[in-house]
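One file, work38.cif, carrying mmCIF, C-alpha atoms:
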```cif
data_final
#
loop_
_atom_site.group_PDB
_atom_site.id
_atom_site.type_symbol
_atom_site.label_atom_id
_atom_site.label_comp_id
_atom_site.auth_asym_id
_atom_site.auth_seq_id
_atom_site.Cartn_x
_atom_site.Cartn_y
_atom_site.Cartn_z
ATOM 1 C CA MET A 164 0.000 0.000 0.000
ATOM 2 C CA ILE A 165 1.308 3.454 -0.897
ATOM 3 C CA PRO A 166 0.041 5.809 1.836
ATOM 4 C CA GLU A 167 0.013 8.845 -0.493
ATOM 5 C CA ARG A 168 -2.405 7.026 -2.742
ATOM 6 C CA GLU A 169 -4.613 6.045 0.168
ATOM 7 C CA PRO A 170 -4.445 9.062 2.474
ATOM 8 C CA LYS A 171 -5.968 8.906 5.912
ATOM 9 C CA LEU A 172 -8.171 11.934 6.493
ATOM 10 C CA LEU A 173 -10.061 12.916 9.629
ATOM 11 C CA PHE A 174 -13.420 14.530 10.311
ATOM 12 C CA ALA A 175 -13.495 16.382 13.622
ATOM 13 C CA GLY A 176 -15.684 18.973 15.303
ATOM 14 C CA PRO A 177 -18.235 19.333 18.071
ATOM 15 C CA MET A 178 -21.076 16.940 18.798
ATOM 16 C CA GLY A 179 -23.816 17.214 16.188
ATOM 17 C CA ALA A 180 -21.717 19.051 13.583
ATOM 18 C CA GLY A 181 -22.318 16.274 11.025
ATOM 19 C CA LYS A 182 -19.154 14.141 11.028
ATOM 20 C CA THR A 183 -21.006 10.814 10.800
ATOM 21 C CA THR A 184 -23.427 12.296 8.241
ATOM 22 C CA ALA A 185 -20.573 13.560 6.060
ATOM 23 C CA ILE A 186 -18.866 10.159 5.974
ATOM 24 C CA ARG A 187 -22.191 8.483 5.183
ATOM 25 C CA ALA A 188 -22.741 10.943 2.344
ATOM 26 C CA ILE A 189 -19.397 10.259 0.693
ATOM 27 C CA SER A 190 -18.396 6.674 1.502
ATOM 28 C CA ASP A 191 -18.489 4.140 -1.333
ATOM 29 C CA LEU A 192 -19.094 1.359 1.185
ATOM 30 C CA PRO A 193 -21.514 1.313 4.114
ATOM 31 C CA PRO A 194 -19.404 3.056 6.759
ATOM 32 C CA VAL A 195 -18.344 1.513 10.043
ATOM 33 C CA SER A 196 -20.065 3.408 12.818
ATOM 34 C CA THR A 197 -19.923 3.271 16.608
ATOM 35 C CA GLU A 198 -22.968 5.148 17.761
ATOM 36 C CA ALA A 199 -24.398 4.828 21.259
ATOM 37 C CA ALA A 200 -27.561 6.184 22.849
ATOM 38 C CA ASN A 201 -26.922 9.821 23.743
ATOM 39 C CA ILE A 202 -27.968 10.781 27.258
ATOM 40 C CA ASP A 203 -26.263 14.188 27.277
ATOM 41 C CA VAL A 204 -29.285 15.920 25.770
ATOM 42 C CA ALA A 205 -28.231 19.258 27.280
ATOM 43 C CA GLN A 206 -25.245 19.237 24.930
ATOM 44 C CA HIS A 207 -27.190 18.046 21.888
ATOM 45 C CA SER A 208 -30.685 16.604 21.471
ATOM 46 C CA LYS A 209 -29.778 13.911 18.935
ATOM 47 C CA ALA A 210 -30.636 10.302 19.814
ATOM 48 C CA GLU A 211 -27.248 8.748 19.111
ATOM 49 C CA THR A 212 -23.659 9.880 19.279
ATOM 50 C CA THR A 213 -20.352 8.473 18.001
ATOM 51 C CA VAL A 214 -18.255 7.074 20.855
ATOM 52 C CA GLY A 215 -15.473 5.249 18.965
ATOM 53 C CA MET A 216 -15.044 6.291 15.364
ATOM 54 C CA ASP A 217 -16.635 6.288 11.940
ATOM 55 C CA TYR A 218 -14.813 4.759 9.030
ATOM 56 C CA GLY A 219 -15.581 5.102 5.355
ATOM 57 C CA GLU A 220 -13.747 5.011 2.040
ATOM 58 C CA THR A 221 -14.158 6.871 -1.199
ATOM 59 C CA GLN A 222 -12.348 6.644 -4.503
ATOM 60 C CA LEU A 223 -11.597 9.817 -6.432
ATOM 61 C CA ASP A 224 -11.571 10.132 -10.224
ATOM 62 C CA ASP A 225 -7.764 10.070 -10.261
ATOM 63 C CA GLY A 226 -7.836 6.613 -8.687
ATOM 64 C CA SER A 227 -6.723 7.657 -5.215
ATOM 65 C CA ARG A 228 -8.653 6.046 -2.401
ATOM 66 C CA LEU A 229 -9.379 8.166 0.645
ATOM 67 C CA ARG A 230 -9.648 6.539 4.038
ATOM 68 C CA LEU A 231 -12.016 8.652 6.115
ATOM 69 C CA TYR A 232 -12.127 8.583 9.910
ATOM 70 C CA GLY A 233 -14.767 10.398 11.925
ATOM 71 C CA LEU A 234 -13.777 11.330 15.476
ATOM 72 C CA PRO A 235 -16.119 11.511 18.457
ATOM 73 C CA GLY A 236 -16.981 15.161 19.118
ATOM 74 C CA GLN A 237 -16.836 15.235 22.898
ATOM 75 C CA SER A 238 -13.495 15.980 24.560
ATOM 76 C CA ARG A 239 -13.988 13.093 26.993
ATOM 77 C CA PHE A 240 -13.092 10.900 24.012
ATOM 78 C CA ASP A 241 -9.873 12.800 23.278
ATOM 79 C CA PHE A 242 -7.908 9.551 23.605
ATOM 80 C CA MET A 243 -9.605 8.535 20.334
ATOM 81 C CA TRP A 244 -8.474 11.844 18.823
ATOM 82 C CA LYS A 245 -4.857 11.001 19.682
ATOM 83 C CA ILE A 246 -5.113 7.435 18.410
ATOM 84 C CA LEU A 247 -6.804 8.365 15.144
ATOM 85 C CA THR A 248 -4.530 11.349 14.429
ATOM 86 C CA GLN A 249 -1.546 8.986 14.069
ATOM 87 C CA GLY A 250 -0.693 8.776 10.390
ATOM 88 C CA ALA A 251 -3.398 11.224 9.345
ATOM 89 C CA MET A 252 -2.556 13.540 6.458
ATOM 90 C CA GLY A 253 -5.300 16.073 6.984
ATOM 91 C CA LEU A 254 -8.434 17.072 8.794
ATOM 92 C CA ILE A 255 -11.832 18.454 7.914
ATOM 93 C CA LEU A 256 -13.136 20.471 10.814
ATOM 94 C CA LEU A 257 -16.928 20.709 10.840
ATOM 95 C CA ILE A 258 -18.558 23.468 12.858
ATOM 96 C CA ASP A 259 -22.247 23.888 13.675
ATOM 97 C CA ASN A 260 -22.992 27.583 13.161
ATOM 98 C CA SER A 261 -26.319 27.347 15.004
ATOM 99 C CA ARG A 262 -24.364 27.101 18.258
ATOM 100 C CA GLU A 263 -23.779 30.422 19.948
ATOM 101 C CA ASP A 264 -20.138 29.556 20.600
ATOM 102 C CA ALA A 265 -19.534 28.307 17.032
ATOM 103 C CA VAL A 266 -16.427 30.411 16.343
ATOM 104 C CA GLN A 267 -14.892 29.587 19.736
ATOM 105 C CA GLN A 268 -15.563 25.915 19.019
ATOM 106 C CA MET A 269 -13.327 26.200 15.976
ATOM 107 C CA ASP A 270 -10.532 27.436 18.250
ATOM 108 C CA VAL A 271 -10.982 24.512 20.634
ATOM 109 C CA TYR A 272 -10.461 21.990 17.843
ATOM 110 C CA LEU A 273 -7.634 23.933 16.209
ATOM 111 C CA ASP A 274 -5.857 23.797 19.577
ATOM 112 C CA ALA A 275 -6.405 20.057 19.757
ATOM 113 C CA PHE A 276 -5.182 19.426 16.199
ATOM 114 C CA GLU A 277 -2.528 22.106 16.155
ATOM 115 C CA SER A 278 0.109 20.042 14.359
ATOM 116 C CA LEU A 279 -2.212 19.513 11.367
ATOM 117 C CA ALA A 280 -3.337 23.155 11.393
ATOM 118 C CA ARG A 281 0.283 24.349 11.395
ATOM 119 C CA THR A 282 0.980 22.448 8.173
ATOM 120 C CA SER A 283 -2.173 23.871 6.529
ATOM 121 C CA SER A 284 -3.654 20.387 6.476
ATOM 122 C CA VAL A 285 -7.050 21.545 7.736
ATOM 123 C CA VAL A 286 -10.181 22.725 5.927
ATOM 124 C CA ILE A 287 -13.168 24.142 7.774
ATOM 125 C CA GLY A 288 -16.762 23.355 6.855
ATOM 126 C CA VAL A 289 -19.421 25.473 8.528
ATOM 127 C CA GLY A 290 -22.857 23.889 8.668
ATOM 128 C CA ARG A 291 -26.235 25.539 9.345
ATOM 129 C CA LEU A 292 -24.733 28.849 8.278
ATOM 130 C CA ASN A 293 -28.128 30.573 8.118
ATOM 131 C CA GLU A 294 -29.131 29.373 11.577
ATOM 132 C CA GLY A 295 -26.506 31.392 13.456
ATOM 133 C CA SER A 296 -25.246 34.927 13.694
ATOM 134 C CA ALA A 297 -21.608 34.269 12.742
ATOM 135 C CA GLN A 298 -20.552 34.805 9.128
ATOM 136 C CA ILE A 299 -17.746 33.136 7.200
ATOM 137 C CA SER A 300 -15.741 36.361 7.672
ATOM 138 C CA ASP A 301 -15.919 35.860 11.460
ATOM 139 C CA TYR A 302 -14.231 32.489 11.072
ATOM 140 C CA ASN A 303 -11.587 34.007 8.800
ATOM 141 C CA THR A 304 -10.914 36.749 11.350
ATOM 142 C CA ALA A 305 -10.502 34.159 14.102
ATOM 143 C CA LEU A 306 -8.097 32.196 11.894
ATOM 144 C CA GLU A 307 -6.070 35.324 11.114
ATOM 145 C CA LYS A 308 -5.721 35.988 14.844
ATOM 146 C CA ARG A 309 -4.100 32.579 15.123
ATOM 147 C CA GLY A 310 -1.842 33.320 12.165
ATOM 148 C CA LEU A 311 -3.541 30.659 10.075
ATOM 149 C CA GLN A 312 -4.818 30.773 6.543
ATOM 150 C CA LEU A 313 -7.249 27.918 6.107
ATOM 151 C CA PRO A 314 -10.161 27.620 3.673
ATOM 152 C CA VAL A 315 -13.624 28.040 5.207
ATOM 153 C CA PHE A 316 -16.769 26.907 3.388
ATOM 154 C CA GLY A 317 -20.445 27.031 4.201
ATOM 155 C CA VAL A 318 -21.598 23.447 3.642
ATOM 156 C CA ASP A 319 -24.476 21.036 3.953
ATOM 157 C CA VAL A 320 -22.709 17.743 4.683
ATOM 158 C CA ARG A 321 -25.798 15.754 3.718
ATOM 159 C CA GLN A 322 -24.870 16.732 0.161
ATOM 160 C CA ARG A 323 -22.215 14.492 -1.354
ATOM 161 C CA ASN A 324 -20.850 17.339 -3.499
ATOM 162 C CA ASP A 325 -20.312 19.567 -0.470
ATOM 163 C CA VAL A 326 -18.282 16.851 1.244
ATOM 164 C CA LEU A 327 -16.375 16.254 -1.964
ATOM 165 C CA LEU A 328 -15.553 19.975 -2.149
ATOM 166 C CA LEU A 329 -14.100 19.844 1.356
ATOM 167 C CA LEU A 330 -12.052 16.719 0.592
ATOM 168 C CA GLU A 331 -10.669 17.994 -2.703
ATOM 169 C CA THR A 332 -9.760 21.350 -1.176
ATOM 170 C CA LEU A 333 -8.030 19.556 1.675
ATOM 171 C CA LEU A 334 -5.970 17.454 -0.729
ATOM 172 C CA HIS A 335 -4.955 20.600 -2.645
ATOM 173 C CA GLN A 336 -3.972 22.275 0.618
ATOM 174 C CA ILE A 337 -1.811 19.328 1.633
ATOM 175 C CA GLU A 338 -0.187 19.159 -1.781
ATOM 176 C CA ALA A 339 0.469 22.914 -1.874
ATOM 177 C CA PHE A 340 2.058 22.875 1.571
ATOM 178 C CA GLU A 341 4.321 19.972 0.595
ATOM 179 C CA TRP A 342 5.326 21.793 -2.560
ATOM 180 C CA VAL A 343 6.092 25.045 -0.755
ATOM 181 C CA SER A 344 8.100 23.332 1.980
ATOM 182 C CA GLN A 345 10.280 21.376 -0.469
ATOM 183 C CA MET B 41 -22.919 16.787 32.238
ATOM 184 C CA LYS B 42 -24.910 17.424 35.416
ATOM 185 C CA SER B 43 -25.395 14.408 37.658
ATOM 186 C CA SER B 44 -29.108 15.249 37.790
ATOM 187 C CA THR B 45 -29.240 14.550 34.020
ATOM 188 C CA LEU B 46 -27.816 11.104 34.653
ATOM 189 C CA THR B 47 -30.324 10.459 37.428
ATOM 190 C CA ASP B 48 -33.159 11.658 35.193
ATOM 191 C CA ALA B 49 -32.034 9.351 32.399
ATOM 192 C CA LEU B 50 -31.382 6.198 34.433
ATOM 193 C CA GLY B 51 -33.459 6.671 37.575
ATOM 194 C CA ALA B 52 -32.087 6.803 41.129
ATOM 195 C CA ASP B 53 -33.311 3.243 41.781
ATOM 196 C CA TYR B 54 -31.332 1.845 38.887
ATOM 197 C CA ILE B 55 -28.171 3.693 39.952
ATOM 198 C CA ALA B 56 -28.616 2.180 43.431
ATOM 199 C CA LEU B 57 -29.025 -1.262 41.831
ATOM 200 C CA CYS B 58 -25.738 -0.722 39.950
ATOM 201 C CA SER B 59 -23.878 0.300 43.106
ATOM 202 C CA ALA B 60 -25.178 -2.777 44.949
ATOM 203 C CA ALA B 61 -24.169 -5.061 42.060
ATOM 204 C CA LEU B 62 -20.620 -3.654 42.044
ATOM 205 C CA ALA B 63 -20.306 -3.975 45.816
ATOM 206 C CA ARG B 64 -21.331 -7.653 45.535
ATOM 207 C CA LEU B 65 -18.828 -8.247 42.742
ATOM 208 C CA MET B 66 -15.962 -6.718 44.714
ATOM 209 C CA THR B 67 -16.802 -8.790 47.792
ATOM 210 C CA ASP B 68 -17.171 -12.049 45.861
ATOM 211 C CA VAL B 69 -13.850 -11.808 43.995
ATOM 212 C CA PRO B 70 -11.066 -10.143 46.020
ATOM 213 C CA SER B 71 -8.699 -10.070 43.026
ATOM 214 C CA ILE B 72 -11.013 -7.525 41.405
ATOM 215 C CA GLN B 73 -9.525 -4.116 42.171
ATOM 216 C CA ALA B 74 -12.103 -1.869 40.574
ATOM 217 C CA ALA B 75 -15.352 -1.874 38.651
ATOM 218 C CA VAL B 76 -17.211 0.850 36.808
ATOM 219 C CA VAL B 77 -20.688 1.042 35.324
ATOM 220 C CA ALA B 78 -20.930 3.621 32.524
ATOM 221 C CA THR B 79 -23.576 4.642 30.030
ATOM 222 C CA ALA B 80 -23.016 3.436 26.462
ATOM 223 C CA ASP B 81 -22.052 7.006 25.570
ATOM 224 C CA GLY B 82 -19.296 7.057 28.159
ATOM 225 C CA PHE B 83 -20.542 8.696 31.351
ATOM 226 C CA GLU B 84 -19.745 7.171 34.729
ATOM 227 C CA VAL B 85 -22.844 5.867 36.498
ATOM 228 C CA THR B 86 -21.162 4.406 39.554
ATOM 229 C CA SER B 87 -17.832 2.863 40.490
ATOM 230 C CA ALA B 88 -16.151 0.847 43.223
ATOM 231 C CA GLN B 89 -12.470 0.319 43.915
ATOM 232 C CA THR B 90 -10.137 -1.010 46.573
ATOM 233 C CA ASN B 91 -7.304 1.520 46.456
ATOM 234 C CA GLY B 92 -8.770 4.774 45.152
ATOM 235 C CA GLN B 93 -6.356 5.353 42.253
ATOM 236 C CA LEU B 94 -8.736 4.862 39.378
ATOM 237 C CA ALA B 95 -10.014 7.761 37.243
ATOM 238 C CA ALA B 96 -13.488 6.317 36.785
ATOM 239 C CA SER B 97 -14.669 9.018 34.380
ATOM 240 C CA ARG B 98 -11.736 8.372 31.994
ATOM 241 C CA LEU B 99 -12.254 4.627 32.219
ATOM 242 C CA SER B 100 -15.966 5.132 31.462
ATOM 243 C CA ALA B 101 -15.205 6.949 28.213
ATOM 244 C CA LEU B 102 -12.552 4.363 27.236
ATOM 245 C CA ALA B 103 -14.893 1.463 28.002
ATOM 246 C CA SER B 104 -17.687 2.860 25.851
ATOM 247 C CA SER B 105 -15.321 3.486 22.904
ATOM 248 C CA LEU B 106 -13.724 0.031 23.118
ATOM 249 C CA LEU B 107 -17.060 -1.757 23.324
ATOM 250 C CA ALA B 108 -18.504 0.303 20.475
ATOM 251 C CA LEU B 109 -15.484 -0.619 18.336
ATOM 252 C CA GLY B 110 -15.942 -4.268 19.335
ATOM 253 C CA GLN B 111 -19.607 -4.087 18.366
ATOM 254 C CA ALA B 112 -18.666 -2.553 15.009
ATOM 255 C CA ALA B 113 -16.271 -5.470 14.380
ATOM 256 C CA LEU B 114 -18.971 -8.007 15.334
ATOM 257 C CA ARG B 115 -21.491 -6.298 13.046
ATOM 258 C CA GLU B 116 -18.978 -6.241 10.200
ATOM 259 C CA LEU B 117 -18.736 -10.042 10.467
ATOM 260 C CA ALA B 118 -22.523 -10.412 10.853
ATOM 261 C CA MET B 119 -22.015 -11.651 14.431
ATOM 262 C CA ASN B 120 -24.799 -9.542 15.827
ATOM 263 C CA GLY B 121 -25.586 -9.322 19.531
ATOM 264 C CA SER B 122 -23.903 -7.882 22.585
ATOM 265 C CA GLY B 123 -20.204 -8.416 23.104
ATOM 266 C CA SER B 124 -17.415 -8.392 25.625
ATOM 267 C CA ILE B 125 -13.709 -7.592 25.512
ATOM 268 C CA LEU B 126 -10.803 -8.884 27.580
ATOM 269 C CA ILE B 127 -7.570 -6.897 27.666
ATOM 270 C CA GLU B 128 -4.727 -8.331 29.704
ATOM 271 C CA ASN B 129 -1.031 -8.248 30.378
ATOM 272 C CA GLU B 130 1.167 -9.404 33.259
ATOM 273 C CA MET B 131 0.041 -6.419 35.378
ATOM 274 C CA GLY B 132 -3.655 -7.139 35.248
ATOM 275 C CA LYS B 133 -6.849 -7.720 33.335
ATOM 276 C CA ILE B 134 -9.599 -5.438 32.094
ATOM 277 C CA MET B 135 -12.938 -7.013 31.290
ATOM 278 C CA LEU B 136 -15.542 -4.998 29.400
ATOM 279 C CA ILE B 137 -19.116 -6.172 28.949
ATOM 280 C CA ASP B 138 -21.954 -4.673 26.999
ATOM 281 C CA VAL B 139 -25.149 -4.740 29.097
ATOM 282 C CA ARG B 140 -28.252 -4.871 26.945
ATOM 283 C CA ARG B 141 -31.333 -3.425 28.590
ATOM 284 C CA ASN B 142 -34.680 -2.320 27.284
ATOM 285 C CA GLN B 143 -33.925 1.061 28.792
ATOM 286 C CA ILE B 144 -30.726 3.097 28.370
ATOM 287 C CA PRO B 145 -27.848 0.662 27.733
ATOM 288 C CA VAL B 146 -24.861 0.562 30.054
ATOM 289 C CA VAL B 147 -21.421 -1.024 30.004
ATOM 290 C CA LEU B 148 -19.513 -2.778 32.773
ATOM 291 C CA CYS B 149 -15.760 -2.463 33.211
ATOM 292 C CA VAL B 150 -13.956 -4.756 35.660
ATOM 293 C CA VAL B 151 -10.276 -4.377 36.567
ATOM 294 C CA ALA B 152 -8.466 -7.300 38.211
ATOM 295 C CA ASP B 153 -4.869 -7.790 39.329
ATOM 296 C CA GLY B 154 -2.296 -9.840 37.436
ATOM 297 C CA ASP B 155 -2.699 -12.916 39.645
ATOM 298 C CA ALA B 156 -6.460 -13.121 39.109
ATOM 299 C CA ILE B 157 -7.774 -16.248 37.403
ATOM 300 C CA THR B 158 -9.281 -15.100 34.118
ATOM 301 C CA GLY B 159 -12.170 -17.575 34.181
ATOM 302 C CA LYS B 160 -13.179 -16.549 37.661
ATOM 303 C CA VAL B 161 -13.155 -12.843 36.824
ATOM 304 C CA LEU B 162 -15.030 -13.522 33.601
ATOM 305 C CA TRP B 163 -17.711 -15.552 35.339
ATOM 306 C CA ALA B 164 -18.166 -12.997 38.132
ATOM 307 C CA ALA B 165 -18.260 -10.104 35.646
ATOM 308 C CA LYS B 166 -20.910 -11.854 33.563
ATOM 309 C CA GLN B 167 -22.987 -12.496 36.689
ATOM 310 C CA CYS B 168 -22.704 -8.814 37.530
ATOM 311 C CA ALA B 169 -23.679 -7.853 33.978
ATOM 312 C CA ALA B 170 -26.761 -10.054 34.302
ATOM 313 C CA ASP B 171 -27.670 -8.176 37.501
ATOM 314 C CA LEU B 172 -27.198 -4.854 35.683
ATOM 315 C CA ALA B 173 -29.571 -5.986 32.938
ATOM 316 C CA LEU B 174 -32.386 -6.210 35.501
ATOM 317 C CA SER B 175 -34.765 -3.391 36.238
ATOM 318 C CA PRO B 176 -35.114 -2.128 39.794
ATOM 319 C CA ASN B 177 -38.107 -3.522 41.656
#
```
Rewrite the coordinates I just gave you, this time as structure tokens.
Amino acid sequence: MIPEREPKLLFAGPMGAGKTTAIRAISDLPPVSTEAANIDVAQHSKAETTVGMDYGETQLDDGSRLRLYGLPGQSRFDFMWKILTQGAMGLILLIDNSREDAVQQMDVYLDAFESLARTSSVVIGVGRLNEGSAQISDYNTALEKRGLQLPVFGVDVRQRNDVLLLLETLLHQIEAFEWVSQ
Amino acid sequence: MKSSTLTDALGADYIALCSAALARLMTDVPSIQAAVVATADGFEVTSAQTNGQLAASRLSALASSLLALGQAALRELAMNGSGSILIENEMGKIMLIDVRRNQIPVVLCVVADGDAITGKVLWAAKQCAADLALSPN
């Protein structure tokens, strides 16, 4: 197996941001999921939540096969974050804009995945853009404050094409960073 | 998460049942050093331990992830149903059991010392899991 041809990519972000949904939307095979009954309804009202990981695969037109890992959103599962980050080439950070603290949430996850963010191997997908007060420019401002230049898109991760946009942008980012640092 | 949320979800009677089941387990098998009941989404319900060094909330989250991964592997091979996991080395054993209930599912995590007899721990843990599957009277 040539890792570059089968990159490992991560989906991270807070509970309910759509990580499992995104992998379901894009995976060529029925994804592996580890959902359990959610009792923390104060945090999010959804019935089930990922407690281990999601796993899916998708093949791009150029023949490369992407291995997609969805991380549990809650920080109590941060041991899974550490395990799954090993060998990962990049990360799609999904944010739920309907949360009041949406922009701060981005910071929390950029802190946690700092090594990937530092190598520009992160793309940000903002969901439910119309259901919150923050605009894309607010996310860009927050990124600038951190000295980062990362692409931010408004997305609906139920749509395969939106997820594909995030993945293709991420691969371009990774490639561009490698090229610049050579 | 507030502990009142946990009580609302599981019921105070069921939490008391869990505590009693763990106390019985610890008494019956002295080589068991600790036991934790957690919700399937990784919150500690109750725990018992002999030496007070265990971070029960961390172990709760780990137990729920490991069992969910085990379940995913079983499903992948069409071996449906609840599962259990044994992790061991010379220092000790960790036994994880999925407790299927009609209500909110829970998981049991049992930690035993290195000298413990695996079969004995396994049997006692499964008995305890059966107790946890009951509803409070």
Compile the contact shell of B:Ala169 as a list of chain:residue names: residues with an atom at most 10 Å away, counting only C-alpha atoms, same-chain residues fewer than 2 positions apart removed. B:Cys58, B:Ala61, B:Leu62, B:Val77, B:Leu136, B:Ile137, B:Asp138, B:Val139, B:Arg140, B:Val146, B:Val147, B:Leu148, B:Cys149, B:Trp163, B:Ala164, B:Ala165, B:Lys166, B:Gln167, B:Asp171, B:Leu172, B:Ala173, B:Leu174
Taking the file above as input, evaluate the PyMOL selection byres ((chain A) within 8 of (chain B)) and report the hits as a PyMOL selection string. chain A and resi 195-203+205+212-216+239-240+242
Given the choices A:Ser208, A:Asn324, A:Thr304, A:Thr184, which gets closest to A:Gln267 if the distance is worked out from all atoms listed in the file?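 Checking each of A:Ser208, A:Asn324, A:Thr304, A:Thr184 against A:Gln267, counting all atoms listed in the file, the winner is A:Thr304.
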As AutoDock Vina command-line options, what would the box around stretch 216-233 of chain A look like: edges along x, y and z, 3 Å added on every side, centre and edge lengths in Å to one decimal?
```
--center_x -11.7 --center_y 7.6 --center_z 2.6 --size_x 15.9 --size_y 11.6 --size_z 31.6
```
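If you look at atom CA of A:Thr221 and atom CA of A:Leu192, they are 7.8 Å away from each other.
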Translate the PyMOL selection byres ((chain B and resi 92-95) around 10), as applied to the file shown, into an explicit residue set as a VMD selection string. chain B and resid 73 to 76 87 to 91 96 to 100 151
Where atoms are absent from stretch 153-171 of chain B, fill them in so it carries N, CA and C atoms, then output it as a short mmCIF file (atom, residue, chain, number, x, y, z; two decimals), in the coordinates of the input.
```
data_model
loop_
_atom_site.label_atom_id
_atom_site.label_comp_id
_atom_site.auth_asym_id
_atom_site.auth_seq_id
_atom_site.Cartn_x
_atom_site.Cartn_y
_atom_site.Cartn_z
N ASP B 153 -6.33 -7.80 39.28
CA ASP B 153 -4.87 -7.79 39.33
C ASP B 153 -4.29 -8.94 38.48
N GLY B 154 -2.97 -8.90 38.32
CA GLY B 154 -2.30 -9.84 37.44
C GLY B 154 -2.42 -11.29 37.85
N ASP B 155 -2.61 -11.54 39.15
CA ASP B 155 -2.70 -12.92 39.65
C ASP B 155 -4.11 -13.49 39.52
N ALA B 156 -5.06 -12.66 39.16
CA ALA B 156 -6.46 -13.12 39.11
C ALA B 156 -6.62 -14.23 38.07
N ILE B 157 -7.48 -15.18 38.36
CA ILE B 157 -7.77 -16.25 37.40
C ILE B 157 -8.82 -15.72 36.42
N THR B 158 -8.44 -15.74 35.14
CA THR B 158 -9.28 -15.10 34.12
C THR B 158 -10.71 -15.64 34.14
N GLY B 159 -10.84 -16.96 34.21
CA GLY B 159 -12.17 -17.58 34.18
C GLY B 159 -13.05 -17.12 35.33
N LYS B 160 -12.43 -16.95 36.47
CA LYS B 160 -13.18 -16.55 37.66
C LYS B 160 -13.68 -15.11 37.52
N VAL B 161 -12.78 -14.25 37.03
CA VAL B 161 -13.16 -12.84 36.82
C VAL B 161 -14.25 -12.75 35.77
N LEU B 162 -14.07 -13.51 34.70
CA LEU B 162 -15.03 -13.52 33.60
C LEU B 162 -16.41 -13.95 34.09
N TRP B 163 -16.43 -15.03 34.85
CA TRP B 163 -17.71 -15.55 35.34
C TRP B 163 -18.40 -14.53 36.25
N ALA B 164 -17.60 -13.96 37.18
CA ALA B 164 -18.17 -13.00 38.13
C ALA B 164 -18.65 -11.74 37.40
N ALA B 165 -17.88 -11.31 36.40
CA ALA B 165 -18.26 -10.10 35.65
C ALA B 165 -19.56 -10.35 34.87
N LYS B 166 -19.69 -11.55 34.32
CA LYS B 166 -20.91 -11.85 33.56
C LYS B 166 -22.12 -11.95 34.49
N GLN B 167 -21.91 -12.48 35.69
CA GLN B 167 -22.99 -12.50 36.69
C GLN B 167 -23.43 -11.08 37.02
N CYS B 168 -22.43 -10.22 37.20
CA CYS B 168 -22.70 -8.81 37.53
C CYS B 168 -23.45 -8.14 36.38
N ALA B 169 -23.01 -8.44 35.15
CA ALA B 169 -23.68 -7.85 33.98
C ALA B 169 -25.14 -8.29 33.91
N ALA B 170 -25.38 -9.55 34.28
CA ALA B 170 -26.76 -10.05 34.30
C ALA B 170 -27.59 -9.27 35.32
N ASP B 171 -26.98 -8.98 36.47
CA ASP B 171 -27.67 -8.18 37.50
C ASP B 171 -27.99 -6.77 36.96
#
```
